[in-house]
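Worksheet for the structure shown next.
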Amino acid sequence: MDVDINNAFGQDSQQSKPVEDMEGFLGERRKIIQPGSLKDPKLEDLKTRLTDWINTTLKPEHIVVQSLEEDLFDGLVLHHLLVRLAGMKLDVEEIALTAMAQKRKLGVILEAINRVLGLSKEDSQKWSVNLIHNRDLLSTLHLLVAIVKHFQPEMALPSNVCLEVIILEVSKAGIKSEKITENITEPSGSLDENSHNPIDELLKLEPQKVNTVKQAILHFVNKNMARMGLQVSDIDTQFSDGVILLLLIGQLEDYFVHLSEFYLTPSTNEEMVHNVTLALDLLSDRELQLYNVAPEDIVSQDLTATLTVLYALFKKYKYR
């Protein structure tokens with residue numbers, strides 16, 4: 001790959017020192033995304049979802065983001081996100097006009113974000129004042145994904161978004177390059193130690209709010225089961241034998257689960273476990289966060305387990 005060293009290290013190729021004179025950049029490391037990775041549909045999907053999320057969150061502020069790189073570099077959008085999500089208004093100027101003022105503002109904001117997110121030193125090193133201010137897409141994505149995971153963990157992001165990256169490092173011996181793969185989002189089905197099931201949080205709320213979510217899921221289920229002439233009235237119990245769950249998956253995925261593969265009228269616990277196990281197996285490669293739900297939990301009518309699976313389906317197929 002041909003790399004423009006001047007651009008990579010933030011130099012103006014017309015007015016800066018020649019590449020050979022790199023003393024001012026000794027020890028600096030810079031990551032550059034390979035052009036091919038920028039065309040990855042998953043990356044475009046991630047950028048679109050993050051942009052839509054920011055615009056939805058900041059709609060009351062009448063703030064509209066069109067480009068993640070160009071619209072977040074000065075700290076204004078990040079500060080408004082912090083106010084809306086964490087209720088934390090910082091003592092910074094609303095609009096910073098000079099580069100020095102923008103970096104000073106960014107420093108205060110990023111320090112506050114890192115503190116709120118409770119990140120390890122390794123994670124917080126994925127972004128910095130200079131990188132965000134230099135409109136570095138890689139760092140901006142890492143930062144936004146971390147914010148979403150903390151404040152809105154139920155939000156569906158495309159899994160396993162990986163970018164091919166060239167690392168450039170300047171030393172007295174010259175410029176060393178290394179090609180790596182950088183993960184922006186987790187692989188499908190993987191959960192980090194800080195990940196938690198949003199249904200657990202939902203069930204801690206007052207009954208009225210829990211019922212509102214259950215009714216929304218119930219409407220989603222019945223809308224998709226209407227073609228089969230079936231209707232669900234009780235989320236707590238009607239999925240425990242796995243039959244309706246299998247039929248719902250078939251409707252959502254546009255395929256028919258052959259009757260020989262499951263028990264249409266299960267009468268024993270083993271037959272119910274068989275049905276639910278089959279349903280979860282069918283969903284295992286569908287990029288759904290099922291939080292290690294066990295078939296036995298659904299059979300025993302565990303509400304958390306049942307809602308976890310139905311909510312995952314709702315999120316993925318609600319606009320279908």
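In the structure tokens, chains take the letters A, B, ... in the order shown, each chain's residues start at 1, and ligands count up from 1 in the order shown.
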> If we count only C-alpha atoms, what is near segment 54-69 of chain A at a cut-off of 7 Å, once residues fewer than 2 positions away on the same chain are taken out, given as a PyMOL selection string?
Replying inline: chain A and resi 50-52+71-73+135-137+140
Please dump the current selection as an mmCIF file, in the first residue's frame; keep N, CA and C atoms.
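What follows is the written file again.cif:
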```
data_model
loop_
_atom_site.group_PDB
_atom_site.id
_atom_site.type_symbol
_atom_site.label_atom_id
_atom_site.label_comp_id
_atom_site.auth_asym_id
_atom_site.auth_seq_id
_atom_site.Cartn_x
_atom_site.Cartn_y
_atom_site.Cartn_z
ATOM 1 N N LEU A 50 -24.995 4.724 14.149
ATOM 2 C CA LEU A 50 -24.476 5.658 15.145
ATOM 3 C C LEU A 50 -24.939 7.082 14.850
ATOM 4 N N THR A 51 -24.940 7.441 13.569
ATOM 5 C CA THR A 51 -25.402 8.778 13.186
ATOM 6 C C THR A 51 -26.877 8.957 13.522
ATOM 7 N N ASP A 52 -27.686 7.957 13.191
ATOM 8 C CA ASP A 52 -29.122 8.033 13.495
ATOM 9 C C ASP A 52 -29.360 8.109 15.001
ATOM 10 N N ASP A 71 -18.312 16.190 12.167
ATOM 11 C CA ASP A 71 -19.233 16.892 13.067
ATOM 12 C C ASP A 71 -18.954 16.679 14.547
ATOM 13 N N LEU A 72 -17.978 15.819 14.884
ATOM 14 C CA LEU A 72 -17.700 15.564 16.293
ATOM 15 C C LEU A 72 -16.353 16.097 16.757
ATOM 16 N N PHE A 73 -15.542 16.608 15.845
ATOM 17 C CA PHE A 73 -14.150 16.921 16.174
ATOM 18 C C PHE A 73 -13.980 18.074 17.156
ATOM 19 N N ARG A 135 -10.111 14.363 13.340
ATOM 20 C CA ARG A 135 -11.174 13.692 12.582
ATOM 21 C C ARG A 135 -10.817 12.249 12.244
ATOM 22 N N ASP A 136 -10.177 11.572 13.199
ATOM 23 C CA ASP A 136 -9.775 10.186 13.008
ATOM 24 C C ASP A 136 -11.004 9.276 13.147
ATOM 25 N N LEU A 137 -11.391 8.634 12.063
ATOM 26 C CA LEU A 137 -12.608 7.820 12.052
ATOM 27 C C LEU A 137 -12.507 6.643 13.015
ATOM 28 N N THR A 140 -12.974 7.807 16.574
ATOM 29 C CA THR A 140 -14.341 8.292 16.750
ATOM 30 C C THR A 140 -15.312 7.123 16.878
#
```
>> Among segment 85-287 of chain A, which ones does DSSP assign to alpha helix (DSSP H) (computed from the backbone)? Answer as a PyMOL selection string.
In response: chain A and resi 85-86+99-117+121-124+129-133+137-151+198-202+207-225+235-238+243-253+269-283
Sorted by chain and rising residue number, list the residues of segment 191-239 of chain A at most 10 Å from segment 245-251 of chain A (counting only C-alpha atoms), each with its closest atom pair and distance in Å to one decimal, as CSV.
```
residue,atom,partner,partner_atom,distance
A:Val221,CA,A:Leu248,CA,7.3
A:Asn222,CA,A:Leu248,CA,9.2
A:Asn224,CA,A:Gln251,CA,6.6
A:Met225,CA,A:Leu248,CA,6.4
A:Ala226,CA,A:Gln251,CA,9.8
A:Arg227,CA,A:Gln251,CA,8.6
A:Met228,CA,A:Leu247,CA,8.8
A:Leu230,CA,A:Leu247,CA,9.8
A:Gln238,CA,A:Leu245,CA,8.9
A:Phe239,CA,A:Leu245,CA,6.0
```
> What gap, in Å, lies between atom CA of Arg30 of chain A and atom CA of Ile167 of chain A?
Replying inline: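 If I compute the distance from atom CA of Arg30 of chain A to atom CA of Ile167 of chain A, I get 5.7 Å.
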> Mind pulling up the distance from atom CA of Met88 of chain A to atom CA of Gln152 of chain A?
Replying inline: 16.6 Å
> Can you tell me how far atom CA of Thr98 of chain A sits from atom CA of Leu76 of chain A, in Å to one decimal?
Replying inline: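 According to the coordinates, atom CA of Thr98 of chain A and atom CA of Leu76 of chain A are separated by 13.1 Å.
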Which residues, written as a PDB file with N, CA, C and O atoms, in the first residue's frame, have at least one atom at most 12 Å from Phe262 of chain A, with only C-alpha atoms counted and residues fewer than 4 positions away on the same chain left out?
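What landed in around_15.pdb:
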```
ATOM      1  N   ASP A 241     -43.440 -24.170  25.751  1.00  0.00           N
ATOM      2  CA  ASP A 241     -43.273 -25.486  25.107  1.00  0.00           C
ATOM      3  C   ASP A 241     -42.509 -25.387  23.784  1.00  0.00           C
ATOM      4  O   ASP A 241     -42.236 -26.397  23.139  1.00  0.00           O
ATOM      5  N   GLY A 242     -42.169 -24.165  23.358  1.00  0.00           N
ATOM      6  CA  GLY A 242     -41.340 -23.982  22.166  1.00  0.00           C
ATOM      7  C   GLY A 242     -42.080 -23.990  20.850  1.00  0.00           C
ATOM      8  O   GLY A 242     -41.511 -23.622  19.809  1.00  0.00           O
ATOM      9  N   VAL A 243     -43.340 -24.369  20.832  1.00  0.00           N
ATOM     10  CA  VAL A 243     -44.067 -24.509  19.578  1.00  0.00           C
ATOM     11  C   VAL A 243     -44.270 -23.152  18.904  1.00  0.00           C
ATOM     12  O   VAL A 243     -43.910 -22.954  17.733  1.00  0.00           O
ATOM     13  N   ILE A 244     -44.863 -22.217  19.621  1.00  0.00           N
ATOM     14  CA  ILE A 244     -45.123 -20.896  19.026  1.00  0.00           C
ATOM     15  C   ILE A 244     -43.810 -20.192  18.697  1.00  0.00           C
ATOM     16  O   ILE A 244     -43.710 -19.488  17.684  1.00  0.00           O
ATOM     17  N   LEU A 245     -42.800 -20.405  19.527  1.00  0.00           N
ATOM     18  CA  LEU A 245     -41.501 -19.795  19.259  1.00  0.00           C
ATOM     19  C   LEU A 245     -40.934 -20.299  17.935  1.00  0.00           C
ATOM     20  O   LEU A 245     -40.433 -19.511  17.111  1.00  0.00           O
ATOM     21  N   LEU A 246     -41.019 -21.593  17.684  1.00  0.00           N
ATOM     22  CA  LEU A 246     -40.533 -22.156  16.416  1.00  0.00           C
ATOM     23  C   LEU A 246     -41.342 -21.632  15.228  1.00  0.00           C
ATOM     24  O   LEU A 246     -40.782 -21.286  14.184  1.00  0.00           O
ATOM     25  N   LEU A 247     -42.649 -21.572  15.378  1.00  0.00           N
ATOM     26  CA  LEU A 247     -43.496 -21.079  14.294  1.00  0.00           C
ATOM     27  C   LEU A 247     -43.226 -19.595  14.024  1.00  0.00           C
ATOM     28  O   LEU A 247     -43.218 -19.154  12.869  1.00  0.00           O
ATOM     29  N   PHE A 256     -40.088 -22.870   6.666  1.00  0.00           N
ATOM     30  CA  PHE A 256     -40.988 -23.757   7.399  1.00  0.00           C
ATOM     31  C   PHE A 256     -40.163 -24.791   8.154  1.00  0.00           C
ATOM     32  O   PHE A 256     -39.342 -25.496   7.561  1.00  0.00           O
ATOM     33  N   VAL A 257     -40.348 -24.833   9.466  1.00  0.00           N
ATOM     34  CA  VAL A 257     -39.687 -25.860  10.263  1.00  0.00           C
ATOM     35  C   VAL A 257     -40.507 -27.149  10.125  1.00  0.00           C
ATOM     36  O   VAL A 257     -41.674 -27.193  10.520  1.00  0.00           O
ATOM     37  N   HIS A 258     -39.892 -28.157   9.538  1.00  0.00           N
ATOM     38  CA  HIS A 258     -40.624 -29.392   9.250  1.00  0.00           C
ATOM     39  C   HIS A 258     -41.165 -30.010  10.533  1.00  0.00           C
ATOM     40  O   HIS A 258     -40.492 -30.041  11.569  1.00  0.00           O
ATOM     41  N   PRO A 266     -46.276 -31.093  22.440  1.00  0.00           N
ATOM     42  CA  PRO A 266     -45.407 -31.729  23.453  1.00  0.00           C
ATOM     43  C   PRO A 266     -46.170 -31.979  24.750  1.00  0.00           C
ATOM     44  O   PRO A 266     -46.959 -31.156  25.194  1.00  0.00           O
ATOM     45  N   GLU A 270     -39.194 -33.129  28.572  1.00  0.00           N
ATOM     46  CA  GLU A 270     -38.121 -33.408  27.610  1.00  0.00           C
ATOM     47  C   GLU A 270     -38.501 -32.939  26.205  1.00  0.00           C
ATOM     48  O   GLU A 270     -37.661 -32.406  25.462  1.00  0.00           O
ATOM     49  N   GLU A 271     -39.748 -33.147  25.810  1.00  0.00           N
ATOM     50  CA  GLU A 271     -40.192 -32.715  24.486  1.00  0.00           C
ATOM     51  C   GLU A 271     -40.204 -31.186  24.373  1.00  0.00           C
ATOM     52  O   GLU A 271     -39.851 -30.633  23.333  1.00  0.00           O
ATOM     53  N   MET A 272     -40.601 -30.520  25.453  1.00  0.00           N
ATOM     54  CA  MET A 272     -40.574 -29.052  25.448  1.00  0.00           C
ATOM     55  C   MET A 272     -39.145 -28.535  25.352  1.00  0.00           C
ATOM     56  O   MET A 272     -38.859 -27.593  24.588  1.00  0.00           O
ATOM     57  N   VAL A 273     -38.236 -29.130  26.120  1.00  0.00           N
ATOM     58  CA  VAL A 273     -36.823 -28.726  26.072  1.00  0.00           C
ATOM     59  C   VAL A 273     -36.263 -28.953  24.670  1.00  0.00           C
ATOM     60  O   VAL A 273     -35.495 -28.127  24.144  1.00  0.00           O
ATOM     61  N   HIS A 274     -36.644 -30.066  24.040  1.00  0.00           N
ATOM     62  CA  HIS A 274     -36.210 -30.329  22.664  1.00  0.00           C
ATOM     63  C   HIS A 274     -36.647 -29.189  21.731  1.00  0.00           C
ATOM     64  O   HIS A 274     -35.850 -28.693  20.922  1.00  0.00           O
ATOM     65  N   ASN A 275     -37.899 -28.790  21.830  1.00  0.00           N
ATOM     66  CA  ASN A 275     -38.423 -27.720  20.965  1.00  0.00           C
ATOM     67  C   ASN A 275     -37.683 -26.399  21.171  1.00  0.00           C
ATOM     68  O   ASN A 275     -37.291 -25.735  20.203  1.00  0.00           O
ATOM     69  N   VAL A 276     -37.519 -26.017  22.424  1.00  0.00           N
ATOM     70  CA  VAL A 276     -36.879 -24.730  22.706  1.00  0.00           C
ATOM     71  C   VAL A 276     -35.406 -24.765  22.316  1.00  0.00           C
ATOM     72  O   VAL A 276     -34.866 -23.789  21.797  1.00  0.00           O
ATOM     73  N   THR A 277     -34.754 -25.898  22.545  1.00  0.00           N
ATOM     74  CA  THR A 277     -33.353 -26.036  22.132  1.00  0.00           C
ATOM     75  C   THR A 277     -33.212 -25.855  20.631  1.00  0.00           C
ATOM     76  O   THR A 277     -32.297 -25.172  20.144  1.00  0.00           O
ATOM     77  N   LEU A 278     -34.118 -26.452  19.864  1.00  0.00           N
ATOM     78  CA  LEU A 278     -34.105 -26.296  18.409  1.00  0.00           C
ATOM     79  C   LEU A 278     -34.291 -24.836  18.028  1.00  0.00           C
ATOM     80  O   LEU A 278     -33.580 -24.321  17.138  1.00  0.00           O
ATOM     81  N   ALA A 279     -35.198 -24.157  18.688  1.00  0.00           N
ATOM     82  CA  ALA A 279     -35.446 -22.742  18.395  1.00  0.00           C
ATOM     83  C   ALA A 279     -34.200 -21.907  18.647  1.00  0.00           C
ATOM     84  O   ALA A 279     -33.814 -21.066  17.818  1.00  0.00           O
TER      85      ALA A 279
END
```
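Using only C-alpha atoms, the nearest neighbour of Leu138 of chain A within the list A:Lys39, A:Lys176, A:His219, A:Lys126 is A:Lys126.
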